[in-house]
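Visitor: A single structure is presented below for examination.
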Amino acid sequence: MGGSPEHAQRTALRIRFQEELAQTEQLALGGLDMVGEQLRRVLEAVEHQDVLLAGEVVAGDDAIDQLYRDLHERILSVLALQAPVAGDLRLAAALLHVARSIERMGDQTVNVAKLIPLDGHHPPTHPVLLEELGVMGRLVSQEIEQAKRAFAERNLEMARDLIHKDRDVNELNRRVFQFAWESGDDPDAREWAMHMILAARAMERMGDLAVDIGEQLGFVLTGQFEEFRDASHPSPSDAAPS
Amino acid sequence: MRIAPTSQRERVLGGLFRAALFVSLAVGILTLIWLIFSVVKEGWPRLNLDVLFHFPSSNPELAGAQSAIMGTIWVVGMTAVITIPIGVGAAIYLEEYADRDRWWNRLIELNIQNLAAVPSIVYGILGLAFFVRGFLGLGQTVLAAALTLSLLVLPIVIISSREAIRAVPDSIRQGALALGATQWQTIWRQVLPASIPGMATGSILALSRAIGEAAPLVLLGGLTFITFNPEGLDSAFTVLPIQIFNWISRPQQEFHVLAAAAIVVLLVLLVAMNGIAIFLRNKYQRKW
Amino acid sequence: MTDPVAQRPVVAPNTPPESADAPACAEPVFRLRDVVVSYADVPAVKDIDLDVQANHITALIGPSGCGKSTVLRCLNRMNDLVLDASVRGQVLYHGQDIYASHVDPVEVRKLVGMVFQKPNPFPKSIYDNIAFGPRVLGMKGNMDEIVERALRRAALWDEVKDRLKQSAYGMSGGQQQRLCIARALATDPDVILMDEPCSALDPISTARIEDLLLELRRSYAIVIVTHNMQQAARVSDRTAFFTVDLDEGERHRTGRIVEFDSTERIFQNPADPRTEAYVTGKVG
């Protein structure tokens, strides 16, 4: 044989395919940034009862839906044209799930945004409740950021760690429910509290979706579906009442 | 499933077959060796440079074969010059240009095979009628002899050249044509160079036949008593086979010894000629 | 010395895969209309309508015997070498009909290069293999530079630059095929035709050649016949799917194009059920 085998191994192969897959992943992770931004804005809208800002969040979901369609098309194209196998195939499949999760997270922020105008212009607010909601929101925001970093860096430990924050988010969800339950007899106040339950539930779902992304990373790396469990807080029913 | 051992019968038959093949080979080689050996032994007393440098004479002490040696070289050399280009050219035409489906081309193909089987004396008669007398009127010259021998060995050159051209894979031609070469460029630059080894082999075969021919050249005047070397194509001539025949026919034993020496010279010439052709073949075959 | 190929319009390196609505800009390099190819008056392919765009890779796929190679060989008039082949219809190369009576097929082949299924280097040195085309075409210029440029374009220069005078047969199969590609490039064609160029090669050599094709696409139009559907999916921009059918009243099967569209469309959502059946592997 004339050609040296080691030369063949030094040259990268299927460059177009590798680039396409990498760019698709970048697009997906960028979607998480978009969702994080939506969440930050809707939290601010809730805190200040800012109807205009809520309207912007609703409008901003169009971009996320478009991103979902773009991602879907690109992944299908990669599957059809490049016939990926092994790790590449798992990555393509995982990215489909991630795309779906991003789209649902976007929908949840819209759900929260739509709750704000329902309360009129000066609804009664319960400061403790609002604060709990704010903490929840910030925790979920951190979960999204952590999920993104874990996926990008292929860091399974970081992904597994998501479950701890999510445990706290679930706990906060229960507390919000408790507070709302005890919010007194004023009908306006009760109505607002009910809406806040819905808002908390939406954010709790977003947290679960971030954990899902972490589990997808587990599938990419190991080929197995592993449901993340928090060993330090075992609980027979750790799903929040929803 | 048990693998059965080779049966005894199979082994014996295989061994017998192999032995029979070996015997065939041995018979041929041993006969050849014995012939050469006996010729050398017989010609030994006169195997010296005299036989190369002297001319024929009625006195065996003084006789040598120089005129016949030079005559052979002239005649066979001229034959090569005539027959190889014509034969190769005909082969190229038949392989590369001719349309196989045409009836006249098939007729030509058939007859080339036949021509190779015609007895050489017939070519002698032909040469006498057309080259020596008749149409060209060359007389009993080297040129007439060379033309006659060329006709004789032409079928061999054509057939072997065709084989050599056919052996060049068609993918080479397709590759050259696809690059924008004309048919002629493809043949001249790719097919011919690649087929030179085969053609060289064919030419060896042809000229080896020519160098040993006596009968047709007898008819063309090679039997006369020539004591000079050919000076040109229009020269009279004689060749080694005829000279050998001449000496063998004499009653004196000394001439028989001379004949044996001349046979050895003829064999040496033959080997030298083959050697040149093999050298040429290897030179072109060397890299691939 | 100027490089004529470098002067040509170049497709940007990170062009995403063509989507179905990629416009066929500019005039096509080849345009085939109603082309029929017959052997001994029996049509082998008919109703062939095809456009070959510059800077695109066009793949011809389909089952065996459906005429893909026949159509490919129309583009450089290699069909002329088959004694009883005849071609009807229009085969336009930059608007000129290459089957017009005044056109010399040899001239066509100088402009359209071809790479064959089995690598067929000449029994000469690597240098002489590349130099053969330029020499017979009488190309002016420094032959050393021409040879180096062709080998660089075929991504072979670094591997062979120290043994240009050695036999081409000392190379591996994948290298020999890249040599044949370099040989075709040496005469500066603007189209390269490839007849199943990787079918005799191992997967690594195949992948290297596919990557090379994606590079070459920036400067040449490439038409590739392939049995390997995945290959067509991986490298081509547009794909033509051929099939072979027995027409009513005919005694011989004739090949034709069923669908010709962007590769994305053919492999994701083909319009014709026959295409779908073929690319999903349900029909051979």
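Note on naming: chains are A, B, ... as they come in the structure tokens, residues start from 1 per chain, ligands start from 1 in the order shown.
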Using only C-alpha atoms and a cut-off of 8 Å, which residues of chain C sit close to chain B? Please list them as a VMD selection string.
Guide: chain C and resid 76 78 106 to 110 113 to 116 120 to 124 133 136 to 137 167 169 184 187
Visitor: So which residues of stretch 26-261 of chain C fall under strand (DSSP E) by DSSP, listed as an mmCIF file with C-alpha atoms, in the first residue's frame?
Guide:
data_model
loop_
_atom_site.group_PDB
_atom_site.id
_atom_site.type_symbol
_atom_site.label_atom_id
_atom_site.label_comp_id
_atom_site.auth_asym_id
_atom_site.auth_seq_id
_atom_site.Cartn_x
_atom_site.Cartn_y
_atom_site.Cartn_z
ATOM 1 C CA PHE C 30 -25.811 21.354 -19.274
ATOM 2 C CA ARG C 31 -29.379 21.284 -20.411
ATOM 3 C CA LEU C 32 -30.895 18.069 -21.729
ATOM 4 C CA ARG C 33 -34.274 18.089 -23.405
ATOM 5 C CA ASP C 34 -36.169 15.079 -24.760
ATOM 6 C CA VAL C 35 -32.998 13.067 -25.028
ATOM 7 C CA VAL C 36 -33.331 9.504 -26.291
ATOM 8 C CA VAL C 37 -30.381 7.115 -26.443
ATOM 9 C CA SER C 38 -30.764 3.953 -28.490
ATOM 10 C CA TYR C 39 -28.542 0.975 -29.104
ATOM 11 C CA VAL C 42 -33.744 0.045 -29.437
ATOM 12 C CA PRO C 43 -34.284 2.937 -27.008
ATOM 13 C CA ALA C 44 -32.388 2.450 -23.774
ATOM 14 C CA VAL C 45 -33.475 5.738 -22.171
ATOM 15 C CA LYS C 46 -35.992 8.307 -23.259
ATOM 16 C CA ASP C 47 -37.737 11.530 -22.320
ATOM 17 C CA ILE C 48 -34.652 12.714 -20.496
ATOM 18 C CA ASP C 49 -34.961 16.300 -19.253
ATOM 19 C CA LEU C 50 -32.142 17.380 -16.994
ATOM 20 C CA ASP C 51 -30.334 20.551 -15.942
ATOM 21 C CA VAL C 52 -26.831 20.575 -14.532
ATOM 22 C CA ILE C 57 -23.360 18.313 -7.439
ATOM 23 C CA THR C 58 -26.068 16.488 -9.369
ATOM 24 C CA ALA C 59 -26.602 12.830 -8.560
ATOM 25 C CA LEU C 60 -28.213 10.226 -10.799
ATOM 26 C CA ILE C 61 -29.658 7.319 -8.820
ATOM 27 C CA ALA C 85 -25.398 3.947 -30.259
ATOM 28 C CA SER C 86 -27.460 6.903 -31.375
ATOM 29 C CA VAL C 87 -28.531 9.992 -29.467
ATOM 30 C CA ARG C 88 -31.564 12.127 -30.299
ATOM 31 C CA GLY C 89 -32.768 15.263 -28.632
ATOM 32 C CA GLN C 90 -30.933 18.277 -27.328
ATOM 33 C CA VAL C 91 -27.804 18.149 -25.254
ATOM 34 C CA LEU C 92 -26.778 21.751 -24.698
ATOM 35 C CA TYR C 93 -23.464 22.666 -23.128
ATOM 36 C CA GLN C 96 -24.336 24.816 -27.668
ATOM 37 C CA ASP C 97 -25.650 21.473 -28.933
ATOM 38 C CA VAL C 112 -15.826 17.770 -19.759
ATOM 39 C CA GLY C 113 -13.747 15.481 -17.565
ATOM 40 C CA MET C 114 -14.624 11.945 -16.517
ATOM 41 C CA VAL C 115 -13.712 9.616 -13.673
ATOM 42 C CA VAL C 191 -17.619 19.845 -15.535
ATOM 43 C CA ILE C 192 -16.536 16.572 -13.957
ATOM 44 C CA LEU C 193 -18.531 13.429 -14.666
ATOM 45 C CA MET C 194 -18.204 10.566 -12.206
ATOM 46 C CA ASP C 195 -19.471 7.078 -12.872
ATOM 47 C CA ALA C 221 -20.109 21.350 -11.817
ATOM 48 C CA ILE C 222 -20.140 17.685 -10.858
ATOM 49 C CA VAL C 223 -22.458 14.939 -12.080
ATOM 50 C CA ILE C 224 -22.212 11.669 -10.209
ATOM 51 C CA VAL C 225 -23.865 8.341 -10.952
ATOM 52 C CA ARG C 238 -29.897 17.832 -6.702
ATOM 53 C CA THR C 239 -30.856 14.255 -7.412
ATOM 54 C CA ALA C 240 -32.469 12.620 -10.424
ATOM 55 C CA PHE C 241 -34.193 9.313 -9.782
ATOM 56 C CA PHE C 242 -34.300 6.922 -12.737
ATOM 57 C CA THR C 243 -36.447 3.908 -13.253
ATOM 58 C CA VAL C 244 -36.752 1.321 -15.987
ATOM 59 C CA ASP C 245 -40.106 0.228 -17.311
ATOM 60 C CA LEU C 246 -41.692 -1.881 -19.956
ATOM 61 C CA ARG C 253 -37.482 -1.965 -21.135
ATOM 62 C CA THR C 254 -36.678 1.721 -21.313
ATOM 63 C CA GLY C 255 -35.161 3.933 -18.657
ATOM 64 C CA ARG C 256 -36.494 7.363 -17.766
ATOM 65 C CA ILE C 257 -36.316 9.986 -15.065
ATOM 66 C CA VAL C 258 -39.132 9.771 -12.534
ATOM 67 C CA GLU C 259 -38.254 12.740 -10.398
ATOM 68 C CA PHE C 260 -35.558 15.405 -10.434
ATOM 69 C CA ASP C 261 -35.477 17.770 -7.478
#
Visitor: Which residues of chain C have any atom within 8 Å of an atom in chain A when counting only C-alpha atoms, and what is the closest pair of atoms for each, with the distance in Å to one decimal? Order the rows by chain and rising number and write it as JSON lines.
Guide:
{"residue": "C:Pro16", "atom": "CA", "partner": "A:Glu20", "partner_atom": "CA", "distance": 7.9}
{"residue": "C:Glu159", "atom": "CA", "partner": "A:Gly3", "partner_atom": "CA", "distance": 7.1}
{"residue": "C:Gly170", "atom": "CA", "partner": "A:Gly2", "partner_atom": "CA", "distance": 5.8}
{"residue": "C:Met171", "atom": "CA", "partner": "A:Gly2", "partner_atom": "CA", "distance": 4.3}
{"residue": "C:Ser172", "atom": "CA", "partner": "A:Met1", "partner_atom": "CA", "distance": 5.2}
{"residue": "C:Gln175", "atom": "CA", "partner": "A:Gly3", "partner_atom": "CA", "distance": 7.1}
{"residue": "C:Ile204", "atom": "CA", "partner": "A:Ala8", "partner_atom": "CA", "distance": 7.9}
{"residue": "C:Ala207", "atom": "CA", "partner": "A:Leu13", "partner_atom": "CA", "distance": 6.3}
{"residue": "C:Arg208", "atom": "CA", "partner": "A:Leu13", "partner_atom": "CA", "distance": 6.3}
{"residue": "C:Glu210", "atom": "CA", "partner": "A:Arg14", "partner_atom": "CA", "distance": 7.8}
{"residue": "C:Asp211", "atom": "CA", "partner": "A:Arg14", "partner_atom": "CA", "distance": 6.1}
{"residue": "C:Gln230", "atom": "CA", "partner": "A:Leu81", "partner_atom": "CA", "distance": 7.0}
{"residue": "C:Ala233", "atom": "CA", "partner": "A:Leu81", "partner_atom": "CA", "distance": 4.6}
{"residue": "C:Arg234", "atom": "CA", "partner": "A:Leu81", "partner_atom": "CA", "distance": 5.3}
{"residue": "C:Glu264", "atom": "CA", "partner": "A:Ser77", "partner_atom": "CA", "distance": 6.8}
{"residue": "C:Phe267", "atom": "CA", "partner": "A:Ala80", "partner_atom": "CA", "distance": 6.0}
{"residue": "C:Gln268", "atom": "CA", "partner": "A:Ala80", "partner_atom": "CA", "distance": 6.2}
Visitor: Running DSSP on the backbone, which parts of stretch 151-227 of chain B land in alpha helix (DSSP H), as JSON, numbers by chain?
Guide: {"B": [151, 152, 153, 154, 155, 156, 157, 158, 159, 160, 161, 162, 163, 164, 165, 166, 170, 171, 172, 173, 174, 175, 176, 177, 178, 183, 184, 185, 186, 192, 193, 194, 195, 196, 197, 198, 199, 200, 201, 202, 203, 204, 205, 206, 207, 208, 209, 210, 211, 215, 216, 217]}
Visitor: Let's have the selection written as a PDB file, in the first residue's frame, with C-alpha atoms.
Guide:
ATOM      1  CA  LEU B 151       5.883 -12.204 -46.137  1.00  0.00           C
ATOM      2  CA  LEU B 152       6.656 -15.513 -44.513  1.00  0.00           C
ATOM      3  CA  VAL B 153       6.795 -14.247 -40.959  1.00  0.00           C
ATOM      4  CA  LEU B 154       4.287 -11.410 -41.312  1.00  0.00           C
ATOM      5  CA  PRO B 155       1.345 -13.491 -40.046  1.00  0.00           C
ATOM      6  CA  ILE B 156       3.257 -14.308 -36.887  1.00  0.00           C
ATOM      7  CA  VAL B 157       4.007 -10.646 -36.256  1.00  0.00           C
ATOM      8  CA  ILE B 158       0.409  -9.653 -36.904  1.00  0.00           C
ATOM      9  CA  ILE B 159      -1.103 -12.304 -34.688  1.00  0.00           C
ATOM     10  CA  SER B 160       1.225 -11.725 -31.762  1.00  0.00           C
ATOM     11  CA  SER B 161       0.954  -7.949 -32.057  1.00  0.00           C
ATOM     12  CA  ARG B 162      -2.813  -8.215 -32.025  1.00  0.00           C
ATOM     13  CA  GLU B 163      -2.639 -10.271 -28.874  1.00  0.00           C
ATOM     14  CA  ALA B 164      -0.382  -7.688 -27.302  1.00  0.00           C
ATOM     15  CA  ILE B 165      -2.725  -4.850 -28.239  1.00  0.00           C
ATOM     16  CA  ARG B 166      -5.728  -6.769 -27.015  1.00  0.00           C
ATOM     17  CA  ASP B 170      -9.859  -1.084 -22.463  1.00  0.00           C
ATOM     18  CA  SER B 171     -10.034   1.098 -19.375  1.00  0.00           C
ATOM     19  CA  ILE B 172      -6.741   2.692 -20.439  1.00  0.00           C
ATOM     20  CA  ARG B 173      -8.202   3.678 -23.785  1.00  0.00           C
ATOM     21  CA  GLN B 174     -11.363   4.989 -22.189  1.00  0.00           C
ATOM     22  CA  GLY B 175      -9.320   7.032 -19.753  1.00  0.00           C
ATOM     23  CA  ALA B 176      -7.230   8.558 -22.523  1.00  0.00           C
ATOM     24  CA  LEU B 177     -10.198   9.283 -24.778  1.00  0.00           C
ATOM     25  CA  ALA B 178     -12.150  10.840 -21.919  1.00  0.00           C
ATOM     26  CA  GLN B 183      -7.877   7.865 -31.290  1.00  0.00           C
ATOM     27  CA  TRP B 184      -4.449   8.163 -32.832  1.00  0.00           C
ATOM     28  CA  GLN B 185      -3.002   9.922 -29.788  1.00  0.00           C
ATOM     29  CA  THR B 186      -4.448   7.219 -27.581  1.00  0.00           C
ATOM     30  CA  LEU B 192       1.497   1.007 -28.243  1.00  0.00           C
ATOM     31  CA  PRO B 193       3.901   1.673 -25.373  1.00  0.00           C
ATOM     32  CA  ALA B 194       1.918  -0.669 -23.183  1.00  0.00           C
ATOM     33  CA  SER B 195       1.934  -3.419 -25.802  1.00  0.00           C
ATOM     34  CA  ILE B 196       5.642  -3.253 -26.645  1.00  0.00           C
ATOM     35  CA  PRO B 197       6.575  -6.184 -24.401  1.00  0.00           C
ATOM     36  CA  GLY B 198       4.104  -8.448 -26.174  1.00  0.00           C
ATOM     37  CA  MET B 199       5.159  -7.202 -29.566  1.00  0.00           C
ATOM     38  CA  ALA B 200       8.800  -7.767 -28.760  1.00  0.00           C
ATOM     39  CA  THR B 201       8.033 -11.357 -27.883  1.00  0.00           C
ATOM     40  CA  GLY B 202       6.150 -11.786 -31.138  1.00  0.00           C
ATOM     41  CA  SER B 203       9.000 -10.339 -33.131  1.00  0.00           C
ATOM     42  CA  ILE B 204      11.424 -12.727 -31.485  1.00  0.00           C
ATOM     43  CA  LEU B 205       9.243 -15.604 -32.585  1.00  0.00           C
ATOM     44  CA  ALA B 206       9.017 -14.271 -36.099  1.00  0.00           C
ATOM     45  CA  LEU B 207      12.670 -13.571 -36.621  1.00  0.00           C
ATOM     46  CA  SER B 208      13.670 -16.830 -35.010  1.00  0.00           C
ATOM     47  CA  ARG B 209      11.700 -18.539 -37.712  1.00  0.00           C
ATOM     48  CA  ALA B 210      13.220 -16.378 -40.405  1.00  0.00           C
ATOM     49  CA  ILE B 211      16.787 -16.944 -39.353  1.00  0.00           C
ATOM     50  CA  ALA B 215      14.221 -23.680 -48.530  1.00  0.00           C
ATOM     51  CA  PRO B 216      12.687 -20.469 -49.798  1.00  0.00           C
ATOM     52  CA  LEU B 217      16.077 -18.772 -49.935  1.00  0.00           C
TER      53      LEU B 217
END
Visitor: Pick out the residues sitting within 6 Å of stretch 37-52 of chain B, and hand them over as a VMD selection string; count only C-alpha atoms, and ignore anything fewer than 5 positions along from it in its own chain.
Guide: chain B and resid 64 to 66 257 260 to 261
Visitor: Work out how far apart atom CA of B:Thr238 and atom CA of B:Leu270 are and give it in Å to one decimal.
Guide: 16.9 Å
Visitor: Counting only C-alpha atoms, which residue out of B:Gly134, B:Ile73, B:Gly127, B:Val118 sits closest to B:Gly212?
Guide: B:Ile73
